[in-house]
Amino acid sequence: MRTLFLAGVALAMVAPVLAAADQSAPPPSTTAGPSNSFNPQISLILSGGYTRTSKDPATWALAGVPMPAEGEAGPGSRGFNLGESELGLSANIDPWWRGAASIALHGDDAVSVEEAYVQTTALGRGLSLKAGRFLSGVGYLNERHAHTWDFADNPLIYQGLLGTQYGDDGLQLRWLAPTDRYLEFGAELARGRGFPGTDDSRNGAGMGSVFVHTGDDVGASHSWRAGVSLLQAKAGDQALLLADSDASLAFTGRTRVWILDGVWKWAPQGNASRTSFKLQGEWMQATREGSMSLDSGGAVQAAPYRVTQRGWYLQGIYQFMPGWRAGLRTEALEPGAPGYGQNAALLPEAGGKPRKHTLVLDYKASEFSLLRLQWAQDHSRAGAADQQLQLQYQMSLGAHGAHSF
Amino acid sequence: MNTTLKPWMAAILAGWAMCNAVPAQAALKVLACEPEWGALAQALGGDLVEVAVATTALQDPHQIQAKPSLIARARNAELVVCTGAELEIGWLPVLLQQSGNPRIQPGQPGHFMAADSVHKLDVPTQLDRSQGDVHAAGNPHIQTDPRNIAAVAVALGRRLQQVDAPHAAQYAQRQAEFSARLQQAMQGWAAKAAPLKGMAVVSQHKAFVYLYDWLGLKEVAVLEPKPGVEPSAAYLQQVLTGLKSAAPRMVIHAAYQDAKPSEWLSRQAHLPVVKLPFTVGGNETAKDLFGLFDDTVARLLAAGAAP
């Protein structure tokens with residue numbers, strides 16, 4: 001019911017504006033930028049590389065954190081590999097709507113729709129409404145496509161608590177306040193199709209989120225953005241696996257994820273062509289509450305379950321000369337103390353606290369090509385660290401992409 | 001979960017309703033992408049406009065990010081004045097999308113692209129990224145020729161009259177005054193710069209084609225191997241070798257650029273380096289559009305007169 005009410009509110013807001021815009025005189029035509037000579041704008045990201053790890057990626061897990069049985073988390077496959085090829089299309093649909101789609105072609109020949117949404121362009125007053133499949137606006141990194149990340153992989157908190165990156169089918173409303181300082185509010189209602197939710201048959205929304213972001217400049221050389229987000233998702237019989245255990249777990253309940261994010265950028269006089277620095281960090285807390293059932297070959301037993309998982313990452317990227325950047329990321333995840341109830345005896349004891357340190361060096365010959373060398377010391381699993389070396393290329397052809405902050 | 005969502009939604013809706021009630025500000029809010037258009041909008045609008053400029057003369061207009069501060073400016077702007085011709089392709093589309101502001105979207109009266117009003121040079125016959133960061137619409141650095149400023153002033157004057165119709169007469173008058181003053185100044189610059197005609201020069205980036213076209217300077221080499229690509233030592237050596245017969249008189253770069261390649265060539269070929277303001281605010285003298293060309297012509301003359 002509430003979902004319906006909110007959807008109704010959104011529609012009620014769109015309709016009068018569309019009607020009003022319809023009556024206004026046609027705007028004068030200006031020469032379209034040549035980027036529009038292709039309608040829609042098409043771009044293709046090509047990526048691939050070579051990965052060397054000291055432990056078998058098939059055994060990758062986050063110690064103490066039950067992970068979705070089918071997920072993309074982890075360092076991927078060893079040896080030479082083709083990364084995700086991402087096909088992007090976007091264009092204005094008419095004077096009131098814009099559409100964009102991003103189709104991922106995976107190295108294993110699978111195809112997935114990363115994003116496919118329509119978005120209003122004429123609502124005015126700082127409002128915009130998105131409908132379709134989109135990456136949620138929570139946090140900082142979540143909305144950003146993999147090819148714009150500063151590292152080859154996502155931080156552990158995203159891999160463990162948000163199913164690598166949270167995308168969903170639904171509605172997103174954003175409102176930019178009419179202030180001199182950037183202040184944006186957003187709210188989303190969606191299906192809940194991915195971890196920490198599950199794609200169940202229900203009429204209501206399986207995921208809801210709210211977020212607020214603010215930011216500004218400090219002098220000509222510094223700028224920043226910070227935000228707070230809350231995402232809530234429902235899960236029913238969510239298949240999970242735990243490190244060092246063969247038992248299949250199934251979680252039913254609610255997950256609430258809080259995210260604090262901040263990014264600060266520096267460039268001398270705001271001119272990043274020679275040197276620049278970017279400091280970025282996020283803190284995440286996921287509280288999962290409900291029941292966990294366990295199938296260890298014997299009888300399936302369900303027990304009340306509640307856990308609070310917390311983690312963070314902090315990364316700095318320094319451009320020391322044109323085209324060349326070096327960076328460091330350090331991160332940790334606290335799996336919390338899950339109460340498995342009477343199932344606890346069937347599960348292994350919590351094995352430490354996942355943490356990881358990553359060094360990266362990248363080179364851009366132009367805006368359209370990037371070569372990356374990344375070395376990580378991954379303590380996600382109990383025991384000795386996994387030494388991960390990644391060589392990667394990431395190139396784009398087609399439309400010139402515009403960069404978000 | 002909706003118990004958490006509802007107050008937030010209510011707050012957003014209440015805020016939205018509140019901002020509906022706020023009356024429009026008296027001054028027309030203009031967001032200019034580059035300082036030259038900020039200066040022009042200010043000259044044509046006077047106290048009828050409130051101008052915010054997205055970039056400074058010390059920043060590379062190709063490489064700006066859609067910073068939060070710029071999104072906030074775009075959200076409140078009633079008119080954006082940019083170069084166009086793909087110069088801002090890496091950031092303006094994001095600003096427009098995230099602004100939630102329909103007035104400044106492409107095709108609307110609040111979306112003004114200066115390059116639409118001028119005849120562009122260097123329009124590539126072949127569009128291929130192997131040629132570097134080429135702009136399909138032609139060279140976007142149109143502000144280095146005051147004849148372009150004059151053409152844009154007429155178009156922008158008309159646009160201001162359209163966007164802020166109640167003050168149309170005032171905009172028309174200010175534009176006529178500005179254009180007359182500019183025409184007069186242009187005669188002065190052209191007379192002063194006469195000795196530069198036909199002089200061979202080297203540029204660091206292909207940023208001055210319009211300036212050369214105006215003053216009759218001859219570009220014999222460019223230090224960047226392809227537009228937007230930093231020259232390597234080997235490439236610079238190659239340029240130096242090729243210069244023997246051309247006998248350039250100076251090497252020119254813009255204030256926002258790293259001077260190293262120009263300085264290297266200067267030492268090797270014993271040429272004066274000319275750091276041009278490139279846009280308003282590029283140095284202390286280039287305080288407005290008139291100062292920009294006064295200073296540009298003076299610096300070129302000084303270097304050209306050197307033995």
# chains A, B, ... in the order shown; residues from 1 in each chain; ligands from 1
$ select_by_dssp --residues "range 137-188 of chain B" --states "alpha helix (DSSP H)" --output "PyMOL selection string"
chain B and resi 146-163+168-188
$ write_last_selection --atoms "N, CA and C atoms" --output "tab-separated table (two decimals), in the first residue's frame"
chain	number	residue	atom	x	y	z
B	146	PRO	N	39.20	38.57	-31.02
B	146	PRO	CA	38.13	39.48	-30.59
B	146	PRO	C	36.98	39.57	-31.59
B	147	ARG	N	37.23	39.20	-32.86
B	147	ARG	CA	36.13	39.20	-33.82
B	147	ARG	C	35.09	38.15	-33.43
B	148	ASN	N	35.58	37.04	-32.83
B	148	ASN	CA	34.65	36.04	-32.33
B	148	ASN	C	33.87	36.57	-31.13
B	149	ILE	N	34.59	37.29	-30.26
B	149	ILE	CA	33.93	37.87	-29.08
B	149	ILE	C	32.80	38.78	-29.56
B	150	ALA	N	33.09	39.56	-30.61
B	150	ALA	CA	32.09	40.49	-31.14
B	150	ALA	C	30.85	39.74	-31.63
B	151	ALA	N	31.07	38.62	-32.35
B	151	ALA	CA	29.93	37.84	-32.86
B	151	ALA	C	29.14	37.22	-31.72
B	152	VAL	N	29.87	36.69	-30.72
B	152	VAL	CA	29.19	36.05	-29.59
B	152	VAL	C	28.42	37.10	-28.78
B	153	ALA	N	28.98	38.32	-28.69
B	153	ALA	CA	28.31	39.38	-27.92
B	153	ALA	C	26.93	39.67	-28.50
B	154	VAL	N	26.84	39.71	-29.82
B	154	VAL	CA	25.55	39.99	-30.46
B	154	VAL	C	24.55	38.87	-30.13
B	155	ALA	N	25.01	37.62	-30.28
B	155	ALA	CA	24.13	36.48	-30.03
B	155	ALA	C	23.73	36.40	-28.55
B	156	LEU	N	24.71	36.64	-27.66
B	156	LEU	CA	24.42	36.54	-26.23
B	156	LEU	C	23.49	37.68	-25.80
B	157	GLY	N	23.69	38.85	-26.40
B	157	GLY	CA	22.79	39.98	-26.11
B	157	GLY	C	21.36	39.63	-26.43
B	158	ARG	N	21.18	39.00	-27.59
B	158	ARG	CA	19.82	38.59	-27.99
B	158	ARG	C	19.27	37.55	-27.02
B	159	ARG	N	20.14	36.62	-26.61
B	159	ARG	CA	19.68	35.56	-25.73
B	159	ARG	C	19.27	36.12	-24.37
B	160	LEU	N	20.04	37.09	-23.87
B	160	LEU	CA	19.68	37.72	-22.59
B	160	LEU	C	18.32	38.41	-22.69
B	161	GLN	N	18.10	39.05	-23.85
B	161	GLN	CA	16.80	39.72	-24.05
B	161	GLN	C	15.66	38.71	-24.03
B	162	GLN	N	15.95	37.52	-24.58
B	162	GLN	CA	14.92	36.48	-24.64
B	162	GLN	C	14.66	35.86	-23.27
B	163	VAL	N	15.75	35.57	-22.54
B	163	VAL	CA	15.61	34.88	-21.26
B	163	VAL	C	15.03	35.81	-20.19
B	168	ALA	N	14.62	43.59	-21.65
B	168	ALA	CA	15.17	43.46	-23.01
B	168	ALA	C	15.80	44.76	-23.50
B	169	ALA	N	15.13	45.88	-23.28
B	169	ALA	CA	15.63	47.15	-23.79
B	169	ALA	C	17.00	47.48	-23.19
B	170	GLN	N	17.14	47.19	-21.89
B	170	GLN	CA	18.43	47.49	-21.25
B	170	GLN	C	19.55	46.63	-21.80
B	171	TYR	N	19.23	45.33	-22.02
B	171	TYR	CA	20.25	44.44	-22.59
B	171	TYR	C	20.63	44.92	-23.99
B	172	ALA	N	19.65	45.32	-24.78
B	172	ALA	CA	19.92	45.75	-26.15
B	172	ALA	C	20.85	46.97	-26.13
B	173	GLN	N	20.59	47.87	-25.22
B	173	GLN	CA	21.40	49.08	-25.15
B	173	GLN	C	22.84	48.76	-24.73
B	174	ARG	N	22.95	47.91	-23.69
B	174	ARG	CA	24.28	47.55	-23.19
B	174	ARG	C	25.08	46.83	-24.28
B	175	GLN	N	24.38	45.97	-25.04
B	175	GLN	CA	25.07	45.21	-26.08
B	175	GLN	C	25.57	46.16	-27.18
B	176	ALA	N	24.74	47.14	-27.56
B	176	ALA	CA	25.15	48.10	-28.59
B	176	ALA	C	26.37	48.89	-28.12
B	177	GLU	N	26.36	49.29	-26.87
B	177	GLU	CA	27.50	50.04	-26.32
B	177	GLU	C	28.76	49.20	-26.30
B	178	PHE	N	28.60	47.93	-25.83
B	178	PHE	CA	29.76	47.04	-25.75
B	178	PHE	C	30.35	46.80	-27.13
B	179	SER	N	29.46	46.52	-28.10
B	179	SER	CA	29.94	46.21	-29.44
B	179	SER	C	30.67	47.39	-30.06
B	180	ALA	N	30.14	48.61	-29.83
B	180	ALA	CA	30.80	49.80	-30.38
B	180	ALA	C	32.20	49.96	-29.77
B	181	ARG	N	32.27	49.75	-28.44
B	181	ARG	CA	33.55	49.89	-27.76
B	181	ARG	C	34.55	48.84	-28.24
B	182	LEU	N	34.03	47.63	-28.46
B	182	LEU	CA	34.90	46.55	-28.91
B	182	LEU	C	35.42	46.81	-30.33
B	183	GLN	N	34.52	47.30	-31.21
B	183	GLN	CA	34.94	47.60	-32.59
B	183	GLN	C	36.09	48.59	-32.59
B	184	GLN	N	35.95	49.62	-31.75
B	184	GLN	CA	36.97	50.66	-31.68
B	184	GLN	C	38.30	50.08	-31.17
B	185	ALA	N	38.18	49.29	-30.09
B	185	ALA	CA	39.38	48.69	-29.52
B	185	ALA	C	40.05	47.76	-30.52
B	186	MET	N	39.25	47.05	-31.33
B	186	MET	CA	39.80	46.11	-32.29
B	186	MET	C	40.65	46.83	-33.33
B	187	GLN	N	40.20	48.01	-33.73
B	187	GLN	CA	40.98	48.80	-34.68
B	187	GLN	C	42.34	49.14	-34.10
B	188	GLY	N	42.32	49.53	-32.82
B	188	GLY	CA	43.57	49.86	-32.14
B	188	GLY	C	44.51	48.66	-32.08
$ interface_residues --of "chain A" --to "chain B" --cutoff "8 Å" --atoms "only C-alpha atoms" --output "PyMOL selection string"
chain A and resi 2+27-35+121-128+175-183+185+187+208-210+214-217+223-225+232+269-274+322+365-366+400-405
$ atom_distance --atom1 "CA of Leu217 in chain B" --atom2 "CA of Ser130 in chain B"
27.9 Å
$ atom_distance --atom1 "CA of Ala306 in chain B" --atom2 "CA of Gln143 in chain B"
26.5 Å
$ residues_around --residues "Phe278 in chain B" --least-positions-apart "3" --cutoff "10 Å" --atoms "only C-alpha atoms" --output "list in words"
Pro35, Glu36, Ala57, Leu58, His141, Gln143, Thr144, Ala207, Phe208, Leu211, His253, Ala254, Ala255, Tyr256, Lys275, Gly281, Gly282, Asn283, Ala286, Leu292, Phe293, Asp295 and Thr296 of chain B
$ residues_around --residues "range 295-310 of chain A" --least-positions-apart "2" --cutoff "8 Å" --atoms "only C-alpha atoms" --output "PDB file with C-alpha atoms, in the first residue's frame"
ATOM      1  CA  ILE A 157      32.642  -3.746   2.611  1.00  0.00           C
ATOM      2  CA  LEU A 161      27.775  -6.222   2.789  1.00  0.00           C
ATOM      3  CA  ASP A 246      30.102 -26.955   3.944  1.00  0.00           C
ATOM      4  CA  ALA A 247      26.752 -26.141   5.541  1.00  0.00           C
ATOM      5  CA  SER A 248      24.242 -24.220   3.449  1.00  0.00           C
ATOM      6  CA  LEU A 249      22.691 -21.376   5.324  1.00  0.00           C
ATOM      7  CA  TRP A 283      32.209   3.349   6.644  1.00  0.00           C
ATOM      8  CA  MET A 284      29.459   0.802   6.509  1.00  0.00           C
ATOM      9  CA  GLN A 285      27.374  -0.994   9.102  1.00  0.00           C
ATOM     10  CA  ALA A 286      24.961  -3.777   8.237  1.00  0.00           C
ATOM     11  CA  THR A 287      22.523  -5.152  10.774  1.00  0.00           C
ATOM     12  CA  ARG A 288      20.853  -8.389   9.733  1.00  0.00           C
ATOM     13  CA  GLU A 289      17.934  -9.530  11.802  1.00  0.00           C
ATOM     14  CA  GLY A 290      15.663 -12.517  11.288  1.00  0.00           C
ATOM     15  CA  SER A 291      16.191 -16.229  11.257  1.00  0.00           C
ATOM     16  CA  MET A 292      18.909 -18.414   9.826  1.00  0.00           C
ATOM     17  CA  SER A 293      18.289 -22.004   8.875  1.00  0.00           C
ATOM     18  CA  TRP A 312      35.563   0.679   6.355  1.00  0.00           C
ATOM     19  CA  LEU A 333      35.714  -5.666   8.081  1.00  0.00           C
ATOM     20  CA  GLU A 334      34.389  -6.675  11.512  1.00  0.00           C
ATOM     21  CA  PRO A 335      32.137  -9.740  11.044  1.00  0.00           C
ATOM     22  CA  GLY A 336      30.453  -9.158  14.397  1.00  0.00           C
ATOM     23  CA  ALA A 337      29.257 -11.913  16.682  1.00  0.00           C
ATOM     24  CA  PRO A 338      26.389 -13.645  14.915  1.00  0.00           C
ATOM     25  CA  GLY A 339      23.976 -15.515  17.128  1.00  0.00           C
ATOM     26  CA  TYR A 340      23.340 -18.769  15.280  1.00  0.00           C
ATOM     27  CA  GLY A 341      21.337 -20.120  18.218  1.00  0.00           C
ATOM     28  CA  GLN A 342      21.333 -23.895  18.438  1.00  0.00           C
ATOM     29  CA  ASN A 343      23.083 -24.058  15.036  1.00  0.00           C
ATOM     30  CA  LEU A 346      27.538 -26.948  13.678  1.00  0.00           C
TER      31      LEU A 346
END
$ closest_residue --among "B:Lys197, B:His205, B:Lys120, B:Lys287" --to "Ala39 in chain B" --atoms "only C-alpha atoms"
B:Lys287
$ select_by_dssp --residues "range 139-222 of chain A" --states "strand (DSSP E or B)" --output "MDAnalysis selection string"
chainID A and resid 167:176 182:190 207:218 222
$ closest_residue --among "B:Ala54, B:Val274, B:Trp189, B:Asp213" --to "His119 in chain B" --atoms "only C-alpha atoms"
B:Asp213
$ closest_residue --among "B:His167, B:Leu301, B:Thr279, B:Pro248" --to "Met199 in chain B" --atoms "only C-alpha atoms"
B:Pro248
$ decode --residues "range 198-301 of chain B" --atoms "C-alpha atoms" --output "compact mmCIF listing (two decimals), in the first residue's frame"
# COMPACT_ATOMS: atom_id res chain seq x y z
CA GLY B 198 53.47 36.80 -41.18
CA MET B 199 55.69 36.09 -38.17
CA ALA B 200 56.44 32.40 -37.56
CA VAL B 201 55.58 31.06 -34.10
CA VAL B 202 55.52 27.76 -32.22
CA SER B 203 52.61 26.85 -29.92
CA GLN B 204 52.52 24.33 -27.13
CA HIS B 205 48.86 23.30 -27.63
CA LYS B 206 46.65 24.04 -30.63
CA ALA B 207 44.95 26.73 -28.58
CA PHE B 208 45.61 29.84 -30.62
CA VAL B 209 44.45 29.17 -34.18
CA TYR B 210 41.88 31.97 -33.95
CA LEU B 211 44.46 34.42 -32.59
CA TYR B 212 46.86 33.55 -35.42
CA ASP B 213 44.07 33.88 -37.94
CA TRP B 214 43.25 37.34 -36.60
CA LEU B 215 46.81 38.70 -36.41
CA GLY B 216 48.26 36.83 -39.38
CA LEU B 217 50.78 34.86 -37.32
CA LYS B 218 52.09 31.65 -38.86
CA GLU B 219 52.11 28.51 -36.68
CA VAL B 220 55.12 26.49 -37.83
CA ALA B 221 55.02 23.82 -35.10
CA VAL B 222 52.98 22.55 -32.16
CA LEU B 223 54.76 20.96 -29.20
CA GLU B 224 51.98 18.51 -28.37
CA PRO B 225 52.26 15.57 -30.80
CA LYS B 226 48.45 15.24 -30.80
CA PRO B 227 45.94 17.55 -29.13
CA GLY B 228 45.92 16.89 -25.39
CA VAL B 229 48.93 14.55 -25.48
CA GLU B 230 51.96 15.61 -23.42
CA PRO B 231 55.11 15.83 -25.63
CA SER B 232 57.91 13.38 -24.89
CA ALA B 233 61.57 14.41 -24.89
CA ALA B 234 62.10 12.55 -28.16
CA TYR B 235 59.18 14.31 -29.78
CA LEU B 236 60.43 17.71 -28.66
CA GLN B 237 63.83 16.91 -30.18
CA GLN B 238 62.08 16.06 -33.44
CA VAL B 239 60.19 19.37 -33.37
CA LEU B 240 63.44 21.21 -32.71
CA THR B 241 65.13 19.59 -35.71
CA GLY B 242 62.18 20.44 -37.92
CA LEU B 243 62.33 24.10 -36.87
CA LYS B 244 65.70 24.89 -38.46
CA SER B 245 64.26 26.19 -41.72
CA ALA B 246 61.10 27.75 -40.27
CA ALA B 247 62.89 30.36 -38.14
CA PRO B 248 60.15 30.93 -35.54
CA ARG B 249 60.33 34.07 -33.41
CA MET B 250 58.67 32.82 -30.22
CA VAL B 251 57.05 29.87 -28.48
CA ILE B 252 53.58 30.44 -27.06
CA HIS B 253 51.68 28.71 -24.27
CA ALA B 254 48.57 29.49 -22.25
CA ALA B 255 48.64 30.53 -18.59
CA TYR B 256 46.98 27.30 -17.45
CA GLN B 257 49.52 25.07 -19.14
CA ASP B 258 52.66 23.63 -17.67
CA ALA B 259 55.43 25.73 -19.23
CA LYS B 260 58.07 22.97 -19.24
CA PRO B 261 57.88 21.97 -22.93
CA SER B 262 57.92 25.63 -24.04
CA GLU B 263 60.83 26.43 -21.74
CA TRP B 264 62.80 23.47 -23.03
CA LEU B 265 62.36 24.63 -26.62
CA SER B 266 63.17 28.17 -25.59
CA ARG B 267 66.54 27.08 -24.20
CA GLN B 268 67.38 24.86 -27.15
CA ALA B 269 66.32 27.22 -29.91
CA HIS B 270 66.99 30.53 -28.09
CA LEU B 271 63.43 31.69 -28.52
CA PRO B 272 61.46 33.90 -26.15
CA VAL B 273 58.61 32.15 -24.33
CA VAL B 274 55.30 34.00 -24.40
CA LYS B 275 52.85 33.08 -21.67
CA LEU B 276 49.53 34.39 -22.93
CA PRO B 277 46.66 34.94 -20.48
CA PHE B 278 44.43 32.90 -22.87
CA THR B 279 41.33 34.12 -21.07
CA VAL B 280 40.18 36.75 -18.61
CA GLY B 281 42.10 36.37 -15.35
CA GLY B 282 45.10 34.66 -16.98
CA ASN B 283 47.31 37.38 -15.53
CA GLU B 284 46.97 40.64 -13.63
CA THR B 285 46.44 42.81 -16.71
CA ALA B 286 43.79 40.61 -18.28
CA LYS B 287 41.10 41.73 -15.86
CA ASP B 288 38.37 41.97 -18.50
CA LEU B 289 38.01 41.24 -22.21
CA PHE B 290 39.68 44.51 -23.20
CA GLY B 291 42.56 43.88 -20.82
CA LEU B 292 42.87 40.36 -22.24
CA PHE B 293 43.57 41.58 -25.80
CA ASP B 294 45.62 44.61 -24.66
CA ASP B 295 47.88 42.24 -22.79
CA THR B 296 47.95 39.54 -25.49
CA VAL B 297 48.98 42.01 -28.20
CA ALA B 298 51.53 43.69 -25.92
CA ARG B 299 53.19 40.38 -25.01
CA LEU B 300 53.37 39.21 -28.63
CA LEU B 301 54.84 42.54 -29.71
